[in-house]
file final-v7.tsv (TSV, C-alpha atoms)
chain	number	residue	atom	x	y	z
E	529	MET	CA	3.34	-1.37	-5.94
E	530	SER	CA	5.22	1.83	-6.24
E	531	GLY	CA	8.84	1.88	-5.93
E	532	ALA	CA	8.28	0.91	-9.43
E	533	ASP	CA	7.12	-2.52	-8.55
E	534	ASP	CA	3.35	-2.99	-8.90
E	535	ALA	CA	1.50	-3.46	-4.72
E	536	GLY	CA	-2.11	-5.08	-4.93
E	537	VAL	CA	-1.65	-7.29	-7.68
E	538	GLY	CA	-4.20	-6.46	-10.00
E	539	ALA	CA	-3.76	-4.97	-13.08
E	540	GLY	CA	-3.83	-3.62	-10.12
E	541	ALA	CA	2.50	7.82	12.73
E	542	GLY	CA	3.45	10.55	11.81
E	543	GLY	CA	0.60	12.56	10.47
E	544	GLY	CA	-1.84	9.74	10.96
E	545	ALA	CA	-5.17	10.81	12.31
E	546	GLY	CA	-8.41	9.13	13.19
E	547	PRO	CA	-9.19	5.98	15.21
E	548	ALA	CA	-6.49	3.39	15.62
E	549	ASP	CA	-8.66	0.37	14.89
E	550	ALA	CA	-11.80	-0.57	13.00
E	551	THR	CA	-14.78	-0.44	15.37
E	552	ASP	CA	-17.57	-1.64	13.08
E	553	PRO	CA	-17.69	-5.43	13.49
E	554	ALA	CA	-18.60	-5.75	9.82
E	555	GLU	CA	-15.35	-4.06	8.78
E	556	VAL	CA	-12.15	-5.86	7.90
E	557	GLU	CA	-8.86	-4.04	8.34
E	558	VAL	CA	-6.90	-3.75	5.10
E	559	VAL	CA	-3.48	-2.43	4.15
E	560	LEU	CA	-3.17	-0.24	1.07
E	561	ALA	CA	0.12	0.97	-0.44
E	562	LEU	CA	0.18	4.31	-2.23
E	563	GLY	CA	2.93	5.68	-4.42
E	564	ALA	CA	3.59	8.35	-7.01
E	565	ASN	CA	6.61	9.68	-8.87
E	566	LEU	CA	5.11	12.07	-11.42
E	567	GLY	CA	3.63	15.52	-10.87
E	568	ASP	CA	2.99	16.90	-7.39
E	569	ARG	CA	3.44	13.62	-5.59
E	570	ALA	CA	2.39	14.73	-2.10
E	571	GLN	CA	-0.71	16.51	-3.36
E	572	THR	CA	-1.67	13.42	-5.35
E	573	LEU	CA	-1.26	11.10	-2.37
E	574	ARG	CA	-3.17	13.48	-0.13
E	575	ALA	CA	-6.06	13.63	-2.59
E	576	ALA	CA	-6.03	9.85	-3.00
E	577	VAL	CA	-6.39	9.37	0.76
E	578	ARG	CA	-9.40	11.70	0.80
E	579	GLU	CA	-10.95	9.90	-2.16
E	580	LEU	CA	-10.46	6.49	-0.55
E	581	ASP	CA	-12.10	7.72	2.65
E	582	ALA	CA	-15.02	9.08	0.63
E	583	THR	CA	-15.55	5.70	-1.05
E	584	PRO	CA	-18.67	3.94	0.27
E	585	GLY	CA	-17.58	0.94	2.32
E	586	VAL	CA	-14.07	2.28	2.99
E	587	ARG	CA	-13.00	4.14	6.13
E	588	VAL	CA	-9.44	5.41	6.47
E	589	LEU	CA	-8.13	4.63	9.96
E	590	THR	CA	-4.58	5.92	9.83
E	591	VAL	CA	-2.01	7.01	7.28
E	592	SER	CA	1.77	6.80	7.49
E	593	ALA	CA	4.07	9.71	6.99
E	594	PRO	CA	5.28	9.80	3.39
E	595	VAL	CA	8.67	8.29	2.58
E	596	GLU	CA	10.95	9.09	-0.33
E	597	THR	CA	12.11	5.95	-2.10
E	598	ASP	CA	14.42	4.88	-4.90
E	599	PRO	CA	12.69	3.12	-7.81
E	600	VAL	CA	12.89	-0.68	-7.68
E	601	GLY	CA	13.06	-2.34	-11.09
E	602	GLY	CA	11.76	-0.88	-14.32
E	603	PRO	CA	13.24	1.87	-16.52
E	604	ASP	CA	15.06	4.96	-15.28
E	605	GLN	CA	12.56	7.22	-13.55
E	606	PRO	CA	12.16	9.79	-10.73
E	607	ASP	CA	12.14	8.85	-7.05
E	608	TYR	CA	8.84	7.84	-5.50
E	609	LEU	CA	6.83	9.20	-2.63
E	610	ASN	CA	5.20	6.25	-0.84
E	611	ALA	CA	2.79	5.82	2.05
E	612	VAL	CA	0.65	3.14	3.63
E	613	VAL	CA	-3.03	3.53	4.48
E	614	ILE	CA	-4.73	1.35	7.06
E	615	ALA	CA	-8.46	1.25	6.39
E	616	GLY	CA	-11.55	-0.58	7.53
E	617	THR	CA	-13.77	-1.89	4.76
E	618	THR	CA	-17.01	-3.71	4.19
E	619	LEU	CA	-16.18	-4.20	0.51
E	620	ALA	CA	-15.21	-7.59	-0.84
E	621	PRO	CA	-11.58	-7.79	-2.06
E	622	GLY	CA	-12.51	-7.44	-5.73
E	623	GLU	CA	-14.71	-4.45	-4.98
E	624	LEU	CA	-11.91	-2.85	-2.99
E	625	LEU	CA	-9.47	-3.37	-5.86
E	626	ALA	CA	-11.95	-1.78	-8.27
E	627	ALA	CA	-12.29	1.20	-5.93
E	628	CYS	CA	-8.49	1.57	-5.85
E	629	HIS	CA	-8.37	1.49	-9.64
E	630	ARG	CA	-11.03	4.20	-9.83
E	631	VAL	CA	-8.95	6.45	-7.58
E	632	GLU	CA	-5.90	5.77	-9.76
E	633	ALA	CA	-7.88	6.63	-12.89
E	634	GLU	CA	-8.98	9.95	-11.38
E	635	HIS	CA	-5.30	10.88	-11.33
E	636	GLY	CA	-4.52	9.76	-14.86
E	637	ARG	CA	-2.90	6.40	-14.10
E	638	GLU	CA	-2.07	4.48	-17.25
E	639	ARG	CA	-0.61	0.96	-17.36
E	640	VAL	CA	1.70	1.24	-20.35
E	641	VAL	CA	5.17	0.19	-19.18
E	642	ARG	CA	5.51	-2.51	-16.51
E	643	TRP	CA	7.11	-1.02	-13.39
E	644	GLY	CA	7.26	2.33	-15.14
E	645	ALA	CA	6.68	5.80	-13.73
E	646	ARG	CA	3.14	6.56	-12.63
E	647	THR	CA	1.01	9.42	-11.41
E	648	LEU	CA	-0.53	7.21	-8.74
E	649	ASP	CA	-0.44	3.62	-7.58
E	650	VAL	CA	-2.99	2.33	-5.04
E	651	ASP	CA	-2.50	-1.33	-4.22
E	652	VAL	CA	-4.12	-3.83	-1.90
E	653	VAL	CA	-1.33	-5.35	0.17
E	654	ALA	CA	-3.28	-7.39	2.72
E	655	TYR	CA	-6.95	-8.03	3.47
E	656	GLY	CA	-7.53	-9.00	7.11
E	657	GLU	CA	-5.12	-9.90	9.91
E	658	PRO	CA	-3.27	-13.19	9.35
E	659	GLY	CA	-5.21	-16.00	11.00
E	660	SER	CA	-8.33	-13.90	11.60
E	661	ALA	CA	-11.79	-14.72	10.33
E	662	GLY	CA	-11.57	-11.77	7.97
E	663	GLU	CA	-8.30	-12.77	6.33
E	664	VAL	CA	-8.53	-13.41	2.60
E	665	ARG	CA	-5.88	-15.35	0.71
E	666	SER	CA	-6.09	-15.45	-3.05
E	667	ASP	CA	-4.00	-16.72	-5.94
E	668	ALA	CA	-6.28	-15.17	-8.55
E	669	PRO	CA	-4.29	-13.46	-11.30
E	670	GLU	CA	-6.36	-10.29	-11.03
E	671	LEU	CA	-5.75	-9.98	-7.26
E	672	THR	CA	-3.18	-11.99	-5.34
E	673	LEU	CA	-3.55	-11.68	-1.56
E	674	PRO	CA	-1.46	-10.94	0.34
E	675	HIS	CA	0.63	-9.15	-2.24
E	676	PRO	CA	3.34	-11.62	-3.31
E	677	ARG	CA	6.22	-9.11	-3.17
E	678	ALA	CA	5.21	-6.95	-0.20
E	679	HIS	CA	7.40	-8.97	2.16
E	680	GLU	CA	10.56	-7.87	0.35
E	681	ARG	CA	9.69	-4.23	-0.40
E	682	ALA	CA	10.95	-1.75	2.20
E	683	PHE	CA	8.94	1.05	0.59
E	684	VAL	CA	5.84	-0.80	1.81
E	685	LEU	CA	7.21	-2.33	5.01
E	686	ALA	CA	8.74	0.87	6.44
E	687	PRO	CA	5.61	3.05	6.38
E	688	TRP	CA	3.46	0.07	7.41
E	689	HIS	CA	5.70	-0.57	10.42
E	690	GLU	CA	5.42	3.09	11.38
E	691	VAL	CA	1.65	2.96	11.82
E	692	ARG	CA	1.38	-0.71	12.91
E	693	PRO	CA	4.60	-1.60	14.76
E	694	ARG	CA	3.33	-5.10	15.62
E	695	ALA	CA	1.89	-5.86	12.18
E	696	ARG	CA	2.38	-9.31	10.67
E	697	LEU	CA	2.26	-10.44	7.06
E	698	ARG	CA	1.54	-13.82	5.55
E	699	LEU	CA	4.24	-14.79	3.05
E	700	PRO	CA	3.73	-16.63	-0.26
E	701	ASP	CA	4.82	-19.89	1.40
E	702	GLY	CA	2.00	-19.55	3.94
E	703	SER	CA	4.17	-18.62	6.92
E	704	VAL	CA	3.49	-15.47	8.95
E	705	ARG	CA	6.24	-13.08	9.99
E	706	ALA	CA	6.49	-9.71	11.73
E	707	VAL	CA	6.71	-6.74	9.42
E	708	ALA	CA	9.56	-5.41	11.60
E	709	GLU	CA	11.64	-8.53	10.86
E	710	LEU	CA	10.92	-8.38	7.15
E	711	LEU	CA	11.88	-4.69	7.05
E	712	ALA	CA	15.23	-5.44	8.70
E	713	GLU	CA	15.97	-7.95	5.93
E	714	ALA	CA	14.66	-5.97	2.94
E	715	ALA	CA	17.35	-5.42	0.31
E	716	ASP	CA	15.98	-2.00	-0.64
E	717	ARG	CA	15.75	-0.60	2.91
E	718	GLU	CA	18.66	1.81	2.34
E	719	GLY	CA	16.67	3.39	-0.49
E	720	VAL	CA	13.85	4.51	1.84
E	721	ARG	CA	14.20	7.97	3.36
E	722	SER	CA	11.97	10.14	5.51
E	723	GLY	CA	9.92	12.52	3.43
E	724	THR	CA	9.76	16.24	4.16
E	725	GLU	CA	6.14	16.75	3.11
E	726	ALA	CA	3.34	17.69	5.47
E	727	PRO	CA	1.07	14.89	6.80
E	728	LEU	CA	-1.13	13.25	4.20
E	729	TRP	CA	-4.15	12.91	6.51
call {"tool": "encode", "arguments": {"input": "final-v7.tsv", "output": "structure tokens"}}
result
Amino acid sequence: MSGADDAGVGAGAGGGAGPADATDPAEVEVVLALGANLGDRAQTLRAAVRELDATPGVRVLTVSAPVETDPVGGPDQPDYLNAVVIAGTTLAPGELLAACHRVEAEHGRERVVRWGARTLDVDVVAYGEPGSAGEVRSDAPELTLPHPRAHERAFVLAPWHEVRPRARLRLPDGSVRAVAELLAEAADREGVRSGTEAPLW
């Protein structure tokens, strides 16, 4: 996760365009968190969105406006630019994670320092609506779903709430809460600011 935390565990609307919901019945709606704090952050996020949409089995539905965020945890480093992508996918969770890692690799992502600065982070936050037939819950070390720290990270919750105001998230204890409520309680919410960059999508 980027705010220097790591979002899709896996060793690894403003501006939003496109349809509001997945229309292919085979698709599952997923939430992806993007972040960068090295190089041209906005250009990197914009390219990552295009590359995700070009991935077979992934269709970008909407993209949040970028937000500027203070790093959370890790060594001293520059501020992040974060965004949330809502996509429809026919890929299995592991395949989706692999696709996210390929996009990261295209932008030179290296996992050297935990919670350290990075050119690009693309994480799987949630796979399927809580309680739906498409929801996937996983405790696998390579991909924990939903992301175990998303519920306390304003740099994920704020842009997610922007594009899905009624979104809900399943917590690690199995309960389901509104993203809006979680955002109001997030300790790092004061460190999230509106970005000045042009739309990412």
call {"tool": "closest_residue", "arguments": {"input": "final-v7.tsv", "among": "E:Leu699, E:Ala654, E:Leu624, E:Val704", "to": "Pro584 (chain E)", "atoms": "only C-alpha atoms"}}
result
E:Leu624
call {"tool": "atom_distance", "arguments": {"input": "final-v7.tsv", "atom1": "CA of Glu555 (chain E)", "atom2": "CA of Val650 (chain E)"}}
result
19.6 Å
call {"tool": "residues_near_point", "arguments": {"input": "final-v7.tsv", "point": "(10.5, -4.3, 15.6)", "cutoff": "9 Å", "atoms": "only C-alpha atoms", "output": "list in words"}}
result
His689, Pro693, Arg694, Ala706, Val707, Ala708, Glu709, Leu711 and Ala712 of chain E
call {"tool": "write_last_selection", "arguments": {"input": "final-v7.tsv", "atoms": "C-alpha atoms", "output": "PDB file, in the frame of the given file"}}
result
ATOM      1  CA  HIS E 689       5.700  -0.570  10.420  1.00  0.00           C
ATOM      2  CA  PRO E 693       4.600  -1.600  14.760  1.00  0.00           C
ATOM      3  CA  ARG E 694       3.330  -5.100  15.620  1.00  0.00           C
ATOM      4  CA  ALA E 706       6.490  -9.710  11.730  1.00  0.00           C
ATOM      5  CA  VAL E 707       6.710  -6.740   9.420  1.00  0.00           C
ATOM      6  CA  ALA E 708       9.560  -5.410  11.600  1.00  0.00           C
ATOM      7  CA  GLU E 709      11.640  -8.530  10.860  1.00  0.00           C
ATOM      8  CA  LEU E 711      11.880  -4.690   7.050  1.00  0.00           C
ATOM      9  CA  ALA E 712      15.230  -5.440   8.700  1.00  0.00           C
TER      10      ALA E 712
END
call {"tool": "atom_distance", "arguments": {"input": "final-v7.tsv", "atom1": "CA of Val653 (chain E)", "atom2": "CA of Val558 (chain E)"}}
result
7.6 Å
call {"tool": "atom_distance", "arguments": {"input": "final-v7.tsv", "atom1": "CA of Val588 (chain E)", "atom2": "CA of Pro669 (chain E)"}}
result
26.4 Å
call {"tool": "closest_residue", "arguments": {"input": "final-v7.tsv", "among": "E:Leu625, E:Ala661, E:Leu580, E:Leu560", "to": "Val612 (chain E)", "atoms": "all atoms listed in the file"}}
result
E:Leu560
call {"tool": "residues_around", "arguments": {"input": "final-v7.tsv", "residues": "Leu619 (chain E)", "least_positions_apart": "3", "cutoff": "12 Å", "atoms": "all atoms listed in the file", "output": "count of residues only"}}
result
22
call {"tool": "closest_residue", "arguments": {"input": "final-v7.tsv", "among": "E:Leu566, E:Val631, E:Ala714, E:Leu685", "to": "Glu579 (chain E)", "atoms": "only C-alpha atoms"}}
result
E:Val631
call {"tool": "residues_around", "arguments": {"input": "final-v7.tsv", "residues": "region 717-721 of chain E", "least_positions_apart": "2", "cutoff": "8 Å", "atoms": "all atoms listed in the file", "output": "PDB file with C-alpha atoms, keeping the file's coordinate frame"}}
result
ATOM      1  CA  VAL E 595       8.670   8.290   2.580  1.00  0.00           C
ATOM      2  CA  GLU E 596      10.950   9.090  -0.330  1.00  0.00           C
ATOM      3  CA  THR E 597      12.110   5.950  -2.100  1.00  0.00           C
ATOM      4  CA  ASP E 598      14.420   4.880  -4.900  1.00  0.00           C
ATOM      5  CA  ARG E 681       9.690  -4.230  -0.400  1.00  0.00           C
ATOM      6  CA  ALA E 682      10.950  -1.750   2.200  1.00  0.00           C
ATOM      7  CA  PHE E 683       8.940   1.050   0.590  1.00  0.00           C
ATOM      8  CA  ALA E 686       8.740   0.870   6.440  1.00  0.00           C
ATOM      9  CA  LEU E 711      11.880  -4.690   7.050  1.00  0.00           C
ATOM     10  CA  ALA E 712      15.230  -5.440   8.700  1.00  0.00           C
ATOM     11  CA  GLU E 713      15.970  -7.950   5.930  1.00  0.00           C
ATOM     12  CA  ALA E 714      14.660  -5.970   2.940  1.00  0.00           C
ATOM     13  CA  ALA E 715      17.350  -5.420   0.310  1.00  0.00           C
ATOM     14  CA  GLY E 723       9.920  12.520   3.430  1.00  0.00           C
TER      15      GLY E 723
END
call {"tool": "closest_residue", "arguments": {"input": "final-v7.tsv", "among": "E:Pro621, E:Pro727, E:Gly702, E:Pro687", "to": "Leu562 (chain E)", "atoms": "all atoms listed in the file"}}
result
E:Pro687
call {"tool": "residues_around", "arguments": {"input": "final-v7.tsv", "residues": "Arg665 (chain E)", "least_positions_apart": "4", "cutoff": "8 Å", "atoms": "all atoms listed in the file", "output": "count of residues only"}}
result
4
call {"tool": "closest_residue", "arguments": {"input": "final-v7.tsv", "among": "E:Ser722, E:Gly659, E:Val559, E:Ala582", "to": "Tyr608 (chain E)", "atoms": "all atoms listed in the file"}}
result
E:Ser722
call {"tool": "decode", "arguments": {"input": "final-v7.tsv", "residues": "region 681-693 of chain E", "atoms": "all heavy atoms", "output": "CSV table (one decimal), in the first residue's frame"}}
result
chain,number,residue,atom,x,y,z
E,681,ARG,N,-6.3,3.0,6.7
E,681,ARG,CA,-5.4,3.8,5.9
E,681,ARG,C,-6.3,4.9,5.1
E,681,ARG,O,-6.9,4.5,4.1
E,681,ARG,CB,-4.6,3.0,4.9
E,681,ARG,CG,-3.7,2.0,5.6
E,681,ARG,CD,-2.8,2.7,6.6
E,681,ARG,NE,-1.6,1.9,7.1
E,681,ARG,CZ,-1.1,2.0,8.3
E,681,ARG,NH1,-1.6,2.9,9.1
E,681,ARG,NH2,-0.1,1.3,8.6
E,682,ALA,N,-6.2,6.1,5.6
E,682,ALA,CA,-7.0,7.2,4.9
E,682,ALA,C,-6.6,7.4,3.5
E,682,ALA,O,-7.4,7.8,2.6
E,682,ALA,CB,-6.9,8.5,5.7
E,683,PHE,N,-5.3,7.1,3.1
E,683,PHE,CA,-4.8,7.3,1.8
E,683,PHE,C,-5.5,6.3,0.8
E,683,PHE,O,-5.4,6.5,-0.4
E,683,PHE,CB,-3.3,7.3,1.7
E,683,PHE,CG,-2.6,6.0,2.1
E,683,PHE,CD1,-2.5,4.9,1.3
E,683,PHE,CD2,-2.1,6.0,3.4
E,683,PHE,CE1,-1.9,3.8,1.7
E,683,PHE,CE2,-1.4,4.8,3.8
E,683,PHE,CZ,-1.3,3.7,3.0
E,684,VAL,N,-6.1,5.2,1.3
E,684,VAL,CA,-6.9,4.3,0.5
E,684,VAL,C,-8.4,4.7,0.6
E,684,VAL,O,-9.1,4.8,-0.3
E,684,VAL,CB,-6.7,2.9,0.9
E,684,VAL,CG1,-7.6,1.9,0.2
E,684,VAL,CG2,-5.2,2.4,0.6
E,685,LEU,N,-8.8,4.9,1.9
E,685,LEU,CA,-10.2,5.1,2.1
E,685,LEU,C,-10.8,6.4,1.5
E,685,LEU,O,-11.9,6.4,1.0
E,685,LEU,CB,-10.5,5.2,3.6
E,685,LEU,CG,-10.1,3.9,4.4
E,685,LEU,CD1,-10.1,4.2,5.9
E,685,LEU,CD2,-11.1,2.8,4.1
E,686,ALA,N,-10.0,7.5,1.5
E,686,ALA,CA,-10.5,8.8,1.0
E,686,ALA,C,-10.7,8.7,-0.5
E,686,ALA,O,-11.8,9.1,-1.0
E,686,ALA,CB,-9.5,9.9,1.3
E,687,PRO,N,-9.8,8.3,-1.3
E,687,PRO,CA,-10.1,8.2,-2.8
E,687,PRO,C,-11.1,7.2,-3.1
E,687,PRO,O,-11.9,7.3,-4.0
E,687,PRO,CB,-8.7,7.9,-3.4
E,687,PRO,CG,-7.8,7.4,-2.3
E,687,PRO,CD,-8.3,8.0,-1.1
E,688,TRP,N,-11.2,6.1,-2.3
E,688,TRP,CA,-12.2,5.0,-2.5
E,688,TRP,C,-13.6,5.6,-2.3
E,688,TRP,O,-14.5,5.5,-3.1
E,688,TRP,CB,-11.9,3.9,-1.6
E,688,TRP,CG,-12.8,2.7,-1.8
E,688,TRP,CD1,-13.8,2.5,-2.7
E,688,TRP,CD2,-12.7,1.4,-1.1
E,688,TRP,NE1,-14.3,1.2,-2.6
E,688,TRP,CE2,-13.7,0.6,-1.6
E,688,TRP,CE3,-11.9,1.0,0.0
E,688,TRP,CZ2,-13.9,-0.7,-1.1
E,688,TRP,CZ3,-12.1,-0.3,0.5
E,688,TRP,CH2,-13.1,-1.1,0.0
E,689,HIS,N,-13.7,6.4,-1.2
E,689,HIS,CA,-15.0,7.0,-0.8
E,689,HIS,C,-15.4,8.0,-1.9
E,689,HIS,O,-16.6,8.1,-2.2
E,689,HIS,CB,-14.9,7.7,0.5
E,689,HIS,CG,-16.1,8.3,1.0
E,689,HIS,ND1,-16.3,9.7,0.9
E,689,HIS,CD2,-17.3,7.8,1.4
E,689,HIS,CE1,-17.5,10.0,1.3
E,689,HIS,NE2,-18.1,8.9,1.7
E,690,GLU,N,-14.5,8.6,-2.5
E,690,GLU,CA,-14.8,9.6,-3.6
E,690,GLU,C,-15.5,9.0,-4.7
E,690,GLU,O,-16.5,9.5,-5.2
E,690,GLU,CB,-13.5,10.3,-4.1
E,690,GLU,CG,-13.8,11.3,-5.2
E,690,GLU,CD,-12.6,11.4,-6.2
E,690,GLU,OE1,-11.5,11.1,-5.8
E,690,GLU,OE2,-12.9,11.8,-7.3
E,691,VAL,N,-15.1,7.8,-5.2
E,691,VAL,CA,-15.7,7.2,-6.3
E,691,VAL,C,-16.8,6.2,-6.0
E,691,VAL,O,-17.6,5.8,-6.9
E,691,VAL,CB,-14.6,6.5,-7.2
E,691,VAL,CG1,-13.7,7.6,-7.9
E,691,VAL,CG2,-13.8,5.5,-6.4
E,692,ARG,N,-16.8,5.7,-4.7
E,692,ARG,CA,-17.8,4.8,-4.3
E,692,ARG,C,-18.3,5.2,-2.9
E,692,ARG,O,-17.9,4.6,-1.9
E,692,ARG,CB,-17.3,3.3,-4.2
E,692,ARG,CG,-17.1,2.7,-5.6
E,692,ARG,CD,-18.5,2.4,-6.3
E,692,ARG,NE,-18.3,1.5,-7.5
E,692,ARG,CZ,-18.2,2.0,-8.7
E,692,ARG,NH1,-18.1,3.3,-8.9
E,692,ARG,NH2,-18.1,1.2,-9.7
E,693,PRO,N,-19.1,6.3,-2.8
E,693,PRO,CA,-19.5,6.8,-1.5
E,693,PRO,C,-20.2,5.8,-0.6
E,693,PRO,O,-20.2,6.0,0.6
E,693,PRO,CB,-20.5,8.0,-1.9
E,693,PRO,CG,-20.1,8.3,-3.3
E,693,PRO,CD,-19.7,7.0,-4.0
